[in-house]
file structure-v5.txt (compact mmCIF, C-alpha atoms)
# COMPACT_ATOMS: atom_id res chain seq x y z
CA MET A 29 12.60 19.67 16.66
CA GLN A 30 10.82 21.82 14.10
CA VAL A 31 11.72 24.77 11.90
CA LEU A 32 8.93 27.38 11.97
CA LYS A 33 8.61 29.78 9.02
CA ARG A 34 5.46 31.79 9.73
CA GLY A 35 7.48 34.83 10.80
CA HIS A 36 9.71 34.46 7.73
CA THR A 37 6.71 34.33 5.38
CA GLU A 38 5.15 37.46 6.91
CA LEU A 39 8.49 39.27 6.73
CA PHE A 40 8.66 39.02 2.96
CA ARG A 41 5.06 39.90 2.15
CA ARG A 42 4.69 43.10 4.17
CA SER A 43 5.10 46.66 2.95
CA PRO A 44 6.77 49.32 5.15
CA ASP A 45 3.44 50.91 6.14
CA GLU A 46 2.35 47.57 7.65
CA CYS A 47 5.43 47.27 9.93
CA PHE A 48 5.47 48.52 13.53
CA ASP A 49 8.50 48.96 15.77
CA SER A 50 6.71 48.28 19.04
CA LEU A 51 3.67 46.52 20.43
CA ALA A 52 2.45 49.88 21.71
CA GLY A 53 2.59 51.36 18.20
CA LEU A 54 0.76 48.37 16.73
CA THR A 55 -1.88 48.57 19.47
CA GLN A 56 -2.48 52.27 18.85
CA PHE A 57 -2.97 51.64 15.13
CA CYS A 58 -5.44 48.80 15.76
CA GLN A 59 -7.36 50.79 18.36
CA GLU A 60 -7.72 53.72 15.94
CA GLN A 61 -8.75 51.34 13.17
CA LYS A 62 -11.43 49.86 15.41
CA ALA A 63 -12.70 53.29 16.49
CA LYS A 64 -13.00 54.52 12.89
CA SER A 65 -14.73 51.40 11.52
CA VAL A 66 -18.50 50.87 11.50
CA ASP A 67 -20.76 47.83 10.96
CA ARG A 68 -23.68 48.44 8.62
CA TRP A 69 -26.48 45.91 7.94
CA LEU A 70 -28.12 46.09 4.52
CA ALA A 71 -30.25 43.96 2.22
CA PRO A 72 -28.23 42.65 -0.77
CA ARG A 73 -30.31 44.65 -3.25
CA ALA A 74 -29.63 47.84 -1.31
CA LEU A 75 -26.11 47.81 -2.76
CA LYS A 76 -25.96 49.83 -5.98
CA PRO A 77 -22.58 49.59 -7.72
CA ARG A 78 -22.10 52.30 -10.34
CA PRO A 79 -19.24 53.58 -12.51
CA LEU A 80 -17.39 56.64 -11.31
CA ALA A 81 -14.92 56.63 -14.17
CA PHE A 82 -13.90 54.38 -17.04
CA ASP A 83 -12.09 51.95 -14.71
CA ARG A 84 -13.56 52.70 -11.30
CA LEU A 85 -16.62 51.42 -9.44
CA VAL A 86 -18.25 52.82 -6.32
CA VAL A 87 -21.17 51.49 -4.29
CA ASP A 88 -24.22 53.57 -3.35
CA PHE A 89 -26.64 52.67 -0.59
CA ALA A 90 -29.01 54.38 1.80
CA ASP A 91 -27.51 54.82 5.28
CA ASN A 92 -29.81 56.02 8.06
CA GLY A 93 -32.14 57.48 5.47
CA ALA A 94 -29.41 59.36 3.62
CA ASP A 95 -27.67 58.33 0.43
CA ALA A 96 -24.03 57.36 0.82
CA THR A 97 -21.26 56.51 -1.63
CA PHE A 98 -18.42 54.16 -0.74
CA GLN A 99 -15.32 52.92 -2.49
CA MET A 100 -14.06 49.33 -2.29
CA ASN A 101 -10.61 48.04 -1.50
CA ASP A 102 -9.10 44.93 -3.04
CA TRP A 103 -10.60 42.57 -0.46
CA SER A 104 -14.16 43.96 -0.40
CA PHE A 105 -14.22 43.99 -4.22
CA THR A 106 -13.25 40.30 -4.16
CA GLN A 107 -16.06 39.62 -1.69
CA LEU A 108 -18.59 41.52 -3.84
CA CYS A 109 -17.62 39.31 -6.80
CA GLN A 110 -18.06 36.21 -4.63
CA LEU A 111 -21.46 37.45 -3.48
CA ALA A 112 -22.54 37.98 -7.10
CA LYS A 113 -20.91 34.66 -8.12
CA VAL A 114 -18.96 36.26 -10.93
CA SER A 115 -15.27 35.94 -11.70
CA ARG A 116 -13.16 38.75 -10.31
CA ASP A 117 -10.77 38.38 -13.25
CA THR A 118 -13.64 38.75 -15.71
CA VAL A 119 -14.97 41.88 -14.02
CA ASN A 120 -11.47 43.39 -14.00
CA ARG A 121 -11.24 42.96 -17.77
CA VAL A 122 -14.35 44.97 -18.58
CA THR A 123 -15.05 48.70 -18.22
CA ALA A 124 -16.64 50.09 -15.08
CA ASP A 125 -19.78 50.82 -17.07
CA THR A 126 -20.08 47.14 -18.03
CA ALA A 127 -19.09 45.93 -14.55
CA TRP A 128 -21.91 47.73 -12.75
CA ARG A 129 -24.43 46.21 -15.18
CA VAL A 130 -22.97 42.75 -14.43
CA PHE A 131 -23.47 43.30 -10.71
CA GLY A 132 -26.95 44.68 -11.30
CA ASP A 133 -27.93 41.38 -12.92
CA THR A 134 -26.11 39.02 -10.54
CA LEU A 135 -26.34 40.36 -6.96
CA PRO A 136 -28.75 38.17 -4.92
CA ASP A 137 -32.31 39.13 -4.00
CA GLY A 138 -32.39 37.27 -0.66
CA ASN A 139 -33.82 38.68 2.56
CA LYS A 140 -30.80 37.85 4.72
CA PRO A 141 -28.93 41.09 5.42
CA LEU A 142 -25.30 41.71 4.56
CA GLN A 143 -22.76 42.99 7.05
CA LEU A 144 -20.71 45.83 5.59
CA TYR A 145 -17.66 46.91 7.58
CA THR A 146 -16.60 50.42 6.60
CA GLU A 147 -13.85 52.86 7.54
CA GLY A 148 -14.48 56.39 6.34
CA ASN A 149 -15.79 56.03 2.80
CA ILE A 150 -14.07 52.66 2.22
CA ILE A 151 -15.86 49.30 2.45
CA ARG A 152 -13.37 47.06 4.26
CA SER A 153 -15.40 43.85 4.03
CA ILE A 154 -18.76 42.34 3.09
CA HIS A 155 -20.09 39.34 5.04
CA GLY A 156 -23.24 37.38 5.68
CA VAL A 157 -24.97 36.99 9.03
CA SER A 158 -22.83 34.03 10.17
CA TYR A 159 -19.59 36.04 10.33
CA THR A 160 -18.58 37.34 13.77
CA ARG A 161 -15.75 39.84 14.11
CA LEU A 162 -12.97 39.75 16.70
CA TYR A 163 -11.04 43.00 16.84
CA ASN A 164 -7.25 43.06 16.63
CA ALA A 165 -7.20 45.64 19.43
CA ASP A 166 -8.93 43.20 21.81
CA ILE A 167 -6.32 40.51 21.11
CA LEU A 168 -3.47 42.96 21.67
CA ALA A 169 -5.02 44.10 24.96
CA MET A 170 -4.97 40.48 26.13
CA LEU A 171 -1.31 40.09 25.12
CA ALA A 172 -0.36 43.32 26.90
CA GLU A 173 -1.89 41.94 30.09
CA PHE A 174 -0.63 38.35 30.03
CA ALA A 175 2.57 38.40 27.93
CA THR A 176 4.30 41.35 29.58
CA ASP A 177 7.89 40.12 29.16
CA PHE A 178 7.62 39.20 25.49
CA ARG A 179 9.22 41.34 22.79
CA PRO A 180 9.51 41.23 18.98
CA PRO A 181 12.66 39.54 17.64
CA GLN A 182 15.58 41.48 16.20
CA LYS A 183 14.64 43.57 13.18
CA ALA A 184 15.38 41.76 9.94
CA ALA A 185 18.16 43.16 7.78
CA PHE A 186 16.05 42.60 4.68
CA GLY A 187 12.57 41.49 3.64
CA GLY A 188 9.30 43.22 2.92
CA LYS A 189 8.03 44.30 -0.47
CA ASP A 190 10.83 46.87 -0.79
CA ASP A 191 13.53 44.81 0.95
CA SER A 192 13.56 47.24 3.90
CA GLY A 193 13.34 44.60 6.60
CA GLY A 194 10.58 43.71 9.02
CA THR A 195 9.88 43.87 12.73
CA GLY A 196 7.67 40.84 13.44
CA LEU A 197 4.75 43.20 14.17
CA TYR A 198 2.44 43.77 11.21
CA ALA A 199 -1.04 45.09 10.49
CA GLY A 200 -2.83 46.46 7.45
CA GLU A 201 -6.33 46.79 6.05
CA GLN A 202 -6.73 43.00 5.78
CA ASP A 203 -5.01 41.33 8.74
CA MET A 204 -2.61 41.41 11.70
CA PHE A 205 0.38 39.25 12.61
CA VAL A 206 2.41 39.32 15.84
CA PHE A 207 5.73 37.52 16.49
CA LEU A 208 6.97 37.77 20.09
CA ILE A 209 9.71 36.09 22.11
CA ASP A 210 10.98 36.33 25.68
CA PRO A 211 14.73 37.00 25.34
CA THR A 212 15.21 36.55 29.11
CA GLY A 213 13.16 33.36 29.41
CA TRP A 214 15.89 30.80 28.71
CA ALA A 215 15.30 27.46 30.38
CA GLU A 216 16.68 23.95 30.19
CA ILE A 217 14.78 21.23 28.35
CA GLU A 218 16.48 17.83 28.23
CA GLY A 219 19.90 19.36 28.75
CA GLN A 220 19.54 22.11 26.13
CA ALA A 221 18.70 25.81 26.39
CA PHE A 222 15.39 27.06 24.96
CA ALA A 223 13.38 30.29 25.18
CA PRO A 224 9.60 30.75 24.71
CA GLY A 225 7.87 32.56 21.88
CA PHE A 226 4.64 32.68 19.91
CA PHE A 227 2.88 33.83 16.74
CA VAL A 228 -0.61 35.38 16.78
CA TRP A 229 -2.68 36.19 13.70
CA ASN A 230 -6.16 37.53 12.99
CA SER A 231 -8.25 39.31 10.39
CA GLU A 232 -11.11 41.66 11.21
CA VAL A 233 -12.36 41.34 7.63
CA GLY A 234 -12.31 37.55 7.24
CA LYS A 235 -9.12 37.32 5.17
CA ARG A 236 -7.66 34.68 7.51
CA SER A 237 -8.65 32.74 10.61
CA LEU A 238 -7.82 33.59 14.21
CA GLY A 239 -4.81 31.69 15.52
CA ILE A 240 -1.94 31.34 17.96
CA GLN A 241 1.13 29.09 17.87
CA THR A 242 3.38 28.86 20.93
CA PHE A 243 6.78 27.19 21.05
CA TRP A 244 10.17 26.90 22.73
CA PHE A 245 13.09 27.70 20.44
CA GLN A 246 16.88 27.67 20.38
CA ALA A 247 17.49 30.41 17.78
CA VAL A 248 15.76 33.00 15.60
CA CYS A 249 17.83 34.04 12.59
CA GLN A 250 17.77 37.50 11.05
CA ASN A 251 15.23 36.49 8.42
CA HIS A 252 12.84 35.43 11.23
CA ILE A 253 13.04 31.66 10.79
CA VAL A 254 12.62 29.93 14.16
CA TRP A 255 15.10 27.08 14.50
CA ASP A 256 14.92 23.95 16.65
CA ALA A 257 11.45 24.56 18.08
CA VAL A 258 9.91 22.09 20.52
CA GLU A 259 6.58 21.82 22.36
CA VAL A 260 4.79 23.55 19.48
CA VAL A 261 1.12 24.21 20.30
CA GLU A 262 -1.33 25.64 17.75
CA PHE A 263 -4.91 26.83 18.11
CA THR A 264 -7.05 28.24 15.27
CA ARG A 265 -10.70 29.18 14.86
CA LYS A 266 -12.92 30.57 12.12
CA HIS A 267 -14.86 33.79 12.72
CA THR A 268 -18.19 32.27 13.72
CA ALA A 269 -20.57 33.03 16.59
CA SER A 270 -18.21 31.45 19.17
CA ILE A 271 -15.14 33.45 18.13
CA HIS A 272 -15.10 35.56 21.31
CA GLU A 273 -14.82 32.38 23.39
CA SER A 274 -11.60 31.73 21.45
CA LEU A 275 -10.03 34.84 22.97
CA ALA A 276 -10.36 33.22 26.40
CA GLU A 277 -8.74 30.05 25.04
CA MET A 278 -5.86 32.09 23.60
CA ARG A 279 -5.43 33.77 26.97
CA ARG A 280 -5.25 30.36 28.64
CA ILE A 281 -2.59 29.21 26.15
CA VAL A 282 -0.48 32.31 26.77
CA GLU A 283 -0.87 31.93 30.55
CA GLN A 284 0.29 28.31 30.32
CA LEU A 285 3.35 29.36 28.32
CA VAL A 286 4.22 32.05 30.86
CA ALA A 287 3.68 29.69 33.81
CA LYS A 288 5.90 27.02 32.27
CA ARG A 289 8.52 29.66 31.46
CA ASP A 290 8.60 30.83 35.07
CA GLU A 291 8.80 27.28 36.37
CA ARG A 292 11.57 26.30 33.99
CA ARG A 293 13.46 29.56 34.36
CA ASP A 294 13.59 29.12 38.14
CA GLY A 295 14.93 25.62 37.65
CA PHE A 296 17.42 26.82 35.05
CA VAL A 297 18.69 29.56 37.38
CA LYS A 298 19.28 26.97 40.11
CA VAL A 299 21.20 24.76 37.68
CA ILE A 300 23.37 27.67 36.52
CA ALA A 301 24.04 28.76 40.12
CA LYS A 302 25.11 25.24 41.01
CA ALA A 303 27.20 24.95 37.84
CA MET A 304 29.07 28.17 38.72
CA HIS A 305 30.26 26.71 42.03
CA GLU A 306 30.63 22.98 41.41
CA ARG A 307 34.01 21.92 40.06
CA LEU A 308 34.23 19.50 37.16
CA GLY A 309 37.41 18.01 38.62
CA ALA A 310 40.19 18.67 41.12
CA ASP A 311 42.75 19.43 38.41
CA ALA A 312 43.19 19.69 34.66
CA ASP A 313 43.77 15.94 34.22
CA GLU A 314 40.50 15.02 35.93
CA VAL A 315 38.58 17.65 33.92
CA MET A 316 40.12 16.32 30.71
CA LYS A 317 38.87 12.81 31.52
CA VAL A 318 35.33 14.09 32.17
CA LEU A 319 35.26 16.10 28.95
CA VAL A 320 36.45 13.16 26.85
CA GLN A 321 33.87 10.89 28.52
CA ARG A 322 31.20 13.40 27.49
CA GLY A 323 32.19 13.03 23.82
CA ILE A 324 34.35 16.16 23.55
CA SER A 325 37.51 15.65 21.51
CA ARG A 326 40.88 16.06 23.20
CA THR A 327 41.69 19.00 20.93
CA TRP A 328 38.58 20.89 21.95
CA ALA A 329 38.99 19.85 25.59
CA LYS A 330 42.58 21.12 25.69
CA GLN A 331 41.58 24.52 24.27
CA ALA A 332 38.68 24.79 26.74
CA LEU A 333 41.00 23.97 29.64
CA GLN A 334 43.39 26.70 28.59
CA ILE A 335 40.57 29.26 28.52
CA ALA A 336 39.17 28.11 31.88
CA GLU A 337 42.63 28.05 33.45
CA GLN A 338 43.07 31.73 32.63
CA GLN A 339 39.97 32.37 34.74
CA GLY A 340 41.50 30.34 37.56
CA ARG A 341 38.73 27.76 37.95
CA PHE A 342 37.45 24.47 36.53
CA THR A 343 33.76 24.78 37.39
CA ILE A 344 31.09 23.23 35.21
CA PHE A 345 29.97 26.70 34.12
CA SER A 346 33.51 27.85 33.24
CA MET A 347 33.92 24.83 30.95
CA VAL A 348 30.51 25.40 29.32
CA ASP A 349 31.42 29.06 28.82
CA ALA A 350 34.81 28.16 27.30
CA LEU A 351 33.30 25.64 24.88
CA THR A 352 30.57 28.07 23.88
CA ARG A 353 33.16 30.75 23.09
CA MET A 354 35.10 28.28 21.01
CA ALA A 355 31.94 27.28 19.11
CA GLY A 356 31.43 30.90 18.08
CA GLU A 357 34.73 30.79 16.22
CA VAL A 358 34.11 27.50 14.39
CA ALA A 359 33.66 28.10 10.66
CA PHE A 360 31.45 25.14 9.76
CA ALA A 361 27.84 25.19 10.98
CA GLY A 362 27.73 21.43 11.62
CA GLU A 363 30.79 21.45 13.86
CA ARG A 364 29.60 24.61 15.59
CA ALA A 365 26.21 23.07 16.39
CA GLU A 366 27.86 19.86 17.64
CA LEU A 367 30.16 21.75 20.00
CA ASP A 368 27.28 23.91 21.29
CA LEU A 369 25.26 20.76 21.95
CA LYS A 370 28.07 19.07 23.87
CA ALA A 371 28.70 22.23 25.88
CA ALA A 372 25.02 22.50 26.86
CA GLY A 373 25.08 18.81 27.80
CA LEU A 374 27.62 19.52 30.54
CA LEU A 375 24.93 21.45 32.44
CA THR A 376 23.17 18.17 33.15
CA LEU A 377 26.03 17.44 35.57
CA ALA A 378 24.68 20.24 37.76
CA VAL A 379 21.10 18.94 37.86
call {"tool": "encode", "arguments": {"input": "structure-v5.txt", "output": "structure tokens"}}
result
Amino acid sequence: MQVLKRGHTELFRRSPDECFDSLAGLTQFCQEQKAKSVDRWLAPRALKPRPLAFDRLVVDFADNGADATFQMNDWSFTQLCQLAKVSRDTVNRVTADTAWRVFGDTLPDGNKPLQLYTEGNIIRSIHGVSYTRLYNADILAMLAEFATDFRPPQKAAFGGKDDSGGTGLYAGEQDMFVFLIDPTGWAEIEGQAFAPGFFVWNSEVGKRSLGIQTFWFQAVCQNHIVWDAVEVVEFTRKHTASIHESLAEMRRIVEQLVAKRDERRDGFVKVIAKAMHERLGADADEVMKVLVQRGISRTWAKQALQIAEQQGRFTIFSMVDALTRMAGEVAFAGERAELDLKAAGLLTLAV
């Protein structure tokens, strides 16, 4: 089993304006972002950085025959420095008047056009011809169609840049991250209960690769760490010419997760139905023997019998339910996990 921390990492690096309470809200933001953004193809020397103030640079270039002035964000400024092969830290230490002269001397003269991605008067990214964009909105549309039962985990009680908590759904000017689980998709895997979930990430501006990681988990804590994950599958791709083919591969991965969930959930439901009717023994003495044989201490077994006896039955499910209730009151995490494991193991008697 694995411990997955991608959701935890995103939780603590996001600001409140990058958090969304629902997949619909995140989708609307990404659709609007896509609609407002424009690709522009320019020769490298068409870019004319100039100082606007002592510490501020803007970029001029001709757009459809008319002069246009654009500002840069943190990411596009980093890319401009990379294009000019100058240190970002060095440029940040000089005045804007000096910086534009540095770029004037270092920007390339090549004939290959640059791809500028703009939103309003902001340059979101600067790329060469090999970069191919996959929109966040297109990924979310696929998830809305094929992952209909999946939801974000519980909202974190803390996290984010201002410790306000996070939702598992994030997007900003640089990238998107989605953390979804199916809270009704519990199924049995080797005698233990697991539910399906996945992470999806992408950047329209080349800040990170495209990727998806699916898994089956036993618990997600309030700081969005995924505990005891199995069957972890990961797929990533860079934003090259074949990136749109990757969307079809991601759809196939999600469809496989959903199909396996349905198959396992149906089997799990049958096991639970059988466990609710099949008795573990004819009387308390027989049930005690079975519980002890399954590695449950006599002290725990006696308490579970008392709880089940109040319900008037000694079915497999009533004993699992009693042991699970008891585990919730155990103070030490190790003992609690051990009792939960032994309780779940009783379900194998109904297979």
call {"tool": "atom_distance", "arguments": {"input": "structure-v5.txt", "atom1": "atom CA of A:Ala52", "atom2": "atom CA of A:Arg280"}}
result
22.1 Å
call {"tool": "residues_around", "arguments": {"input": "structure-v5.txt", "residues": "A:His36", "least_positions_apart": "3", "cutoff": "12 Å", "atoms": "only C-alpha atoms", "output": "PyMOL selection string"}}
result
chain A and resi 31-33+39-42+181+183-184+186-188+193-197+205-207+227+248-255
call {"tool": "atom_distance", "arguments": {"input": "structure-v5.txt", "atom1": "atom CA of A:Phe178", "atom2": "atom CA of A:Val260"}}
result
17.0 Å
call {"tool": "axis_aligned_box", "arguments": {"input": "structure-v5.txt", "around": "stretch 239-258 of chain A", "padding_each_side": "4 Å", "output": "lines of an AutoDock Vina configuration file"}}
result
center_x = 6.5
center_y = 29.8
center_z = 15.6
size_x = 30.6
size_y = 23.4
size_z = 22.3
call {"tool": "closest_atom_pairs", "arguments": {"input": "structure-v5.txt", "of": "stretch 97-146 of chain A", "to": "stretch 61-65 of chain A", "cutoff": "12 Å", "atoms": "all atoms listed in the file", "output": "tab-separated table"}}
result
residue	atom	partner	partner_atom	distance
A:Leu144	CA	A:Ser65	CA	10.1
A:Tyr145	CA	A:Ser65	CA	6.7
A:Thr146	CA	A:Ser65	CA	5.4
call {"tool": "closest_residue", "arguments": {"input": "structure-v5.txt", "among": "A:Leu238, A:Ala371, A:Leu54, A:Ala223", "to": "A:Gly356", "atoms": "only C-alpha atoms"}}
result
A:Ala371
call {"tool": "residues_around", "arguments": {"input": "structure-v5.txt", "residues": "A:Phe174", "least_positions_apart": "3", "cutoff": "10 Å", "atoms": "only C-alpha atoms", "output": "PDB file with C-alpha atoms, in the coordinates of the input"}}
result
ATOM      1  CA  LEU A 168      -3.470  42.960  21.670  1.00  0.00           C
ATOM      2  CA  ALA A 169      -5.020  44.100  24.960  1.00  0.00           C
ATOM      3  CA  MET A 170      -4.970  40.480  26.130  1.00  0.00           C
ATOM      4  CA  LEU A 171      -1.310  40.090  25.120  1.00  0.00           C
ATOM      5  CA  ASP A 177       7.890  40.120  29.160  1.00  0.00           C
ATOM      6  CA  PHE A 178       7.620  39.200  25.490  1.00  0.00           C
ATOM      7  CA  ARG A 279      -5.430  33.770  26.970  1.00  0.00           C
ATOM      8  CA  ARG A 280      -5.250  30.360  28.640  1.00  0.00           C
ATOM      9  CA  VAL A 282      -0.480  32.310  26.770  1.00  0.00           C
ATOM     10  CA  GLU A 283      -0.870  31.930  30.550  1.00  0.00           C
ATOM     11  CA  LEU A 285       3.350  29.360  28.320  1.00  0.00           C
ATOM     12  CA  VAL A 286       4.220  32.050  30.860  1.00  0.00           C
TER      13      VAL A 286
END
call {"tool": "closest_residue", "arguments": {"input": "structure-v5.txt", "among": "A:Phe263, A:Leu135, A:Glu147, A:Trp328", "to": "A:Ile281", "atoms": "only C-alpha atoms"}}
result
A:Phe263
call {"tool": "residues_near_point", "arguments": {"input": "structure-v5.txt", "point": "(-13.3, 34.7, 23.5)", "cutoff": "12 Å", "atoms": "all atoms listed in the file", "output": "mmCIF file with C-alpha atoms, in the coordinates of the input"}}
result
data_model
loop_
_atom_site.group_PDB
_atom_site.id
_atom_site.type_symbol
_atom_site.label_atom_id
_atom_site.label_comp_id
_atom_site.auth_asym_id
_atom_site.auth_seq_id
_atom_site.Cartn_x
_atom_site.Cartn_y
_atom_site.Cartn_z
ATOM 1 C CA THR A 160 -18.580 37.340 13.770
ATOM 2 C CA ARG A 161 -15.750 39.840 14.110
ATOM 3 C CA LEU A 162 -12.970 39.750 16.700
ATOM 4 C CA TYR A 163 -11.040 43.000 16.840
ATOM 5 C CA ASP A 166 -8.930 43.200 21.810
ATOM 6 C CA ILE A 167 -6.320 40.510 21.110
ATOM 7 C CA MET A 170 -4.970 40.480 26.130
ATOM 8 C CA LEU A 238 -7.820 33.590 14.210
ATOM 9 C CA ARG A 265 -10.700 29.180 14.860
ATOM 10 C CA HIS A 267 -14.860 33.790 12.720
ATOM 11 C CA THR A 268 -18.190 32.270 13.720
ATOM 12 C CA ALA A 269 -20.570 33.030 16.590
ATOM 13 C CA SER A 270 -18.210 31.450 19.170
ATOM 14 C CA ILE A 271 -15.140 33.450 18.130
ATOM 15 C CA HIS A 272 -15.100 35.560 21.310
ATOM 16 C CA GLU A 273 -14.820 32.380 23.390
ATOM 17 C CA SER A 274 -11.600 31.730 21.450
ATOM 18 C CA LEU A 275 -10.030 34.840 22.970
ATOM 19 C CA ALA A 276 -10.360 33.220 26.400
ATOM 20 C CA GLU A 277 -8.740 30.050 25.040
ATOM 21 C CA MET A 278 -5.860 32.090 23.600
ATOM 22 C CA ARG A 279 -5.430 33.770 26.970
ATOM 23 C CA ARG A 280 -5.250 30.360 28.640
#
call {"tool": "closest_residue", "arguments": {"input": "structure-v5.txt", "among": "A:Gly309, A:Pro180, A:Gly132, A:Gly200", "to": "A:Lys76", "atoms": "only C-alpha atoms"}}
result
A:Gly132
call {"tool": "atom_distance", "arguments": {"input": "structure-v5.txt", "atom1": "atom CA of A:Arg129", "atom2": "atom CA of A:Asp102"}}
result
19.6 Å
call {"tool": "residues_around", "arguments": {"input": "structure-v5.txt", "residues": "A:Glu366", "least_positions_apart": "5", "cutoff": "12 Å", "atoms": "all atoms listed in the file", "output": "compact mmCIF listing (two decimals) with C-alpha atoms, keeping the file's coordinate frame"}}
result
# COMPACT_ATOMS: atom_id res chain seq x y z
CA GLY A 323 32.19 13.03 23.82
CA ILE A 324 34.35 16.16 23.55
CA SER A 325 37.51 15.65 21.51
CA TRP A 328 38.58 20.89 21.95
CA LEU A 351 33.30 25.64 24.88
CA THR A 352 30.57 28.07 23.88
CA MET A 354 35.10 28.28 21.01
CA ALA A 355 31.94 27.28 19.11
CA GLY A 356 31.43 30.90 18.08
CA VAL A 358 34.11 27.50 14.39
CA PHE A 360 31.45 25.14 9.76
CA ALA A 361 27.84 25.19 10.98
CA ALA A 371 28.70 22.23 25.88
CA ALA A 372 25.02 22.50 26.86
CA GLY A 373 25.08 18.81 27.80
call {"tool": "residues_around", "arguments": {"input": "structure-v5.txt", "residues": "A:Tyr198", "least_positions_apart": "2", "cutoff": "6 Å", "atoms": "all atoms listed in the file", "output": "ChimeraX atom specification"}}
result
/A:46-47,204-205
call {"tool": "closest_residue", "arguments": {"input": "structure-v5.txt", "among": "A:Leu142, A:Ile344, A:Ile209, A:Ala124", "to": "A:Phe245", "atoms": "all atoms listed in the file"}}
result
A:Ile209
call {"tool": "closest_residue", "arguments": {"input": "structure-v5.txt", "among": "A:Ala221, A:Leu377, A:Ile240, A:Ala215", "to": "A:Lys302", "atoms": "all atoms listed in the file"}}
result
A:Leu377
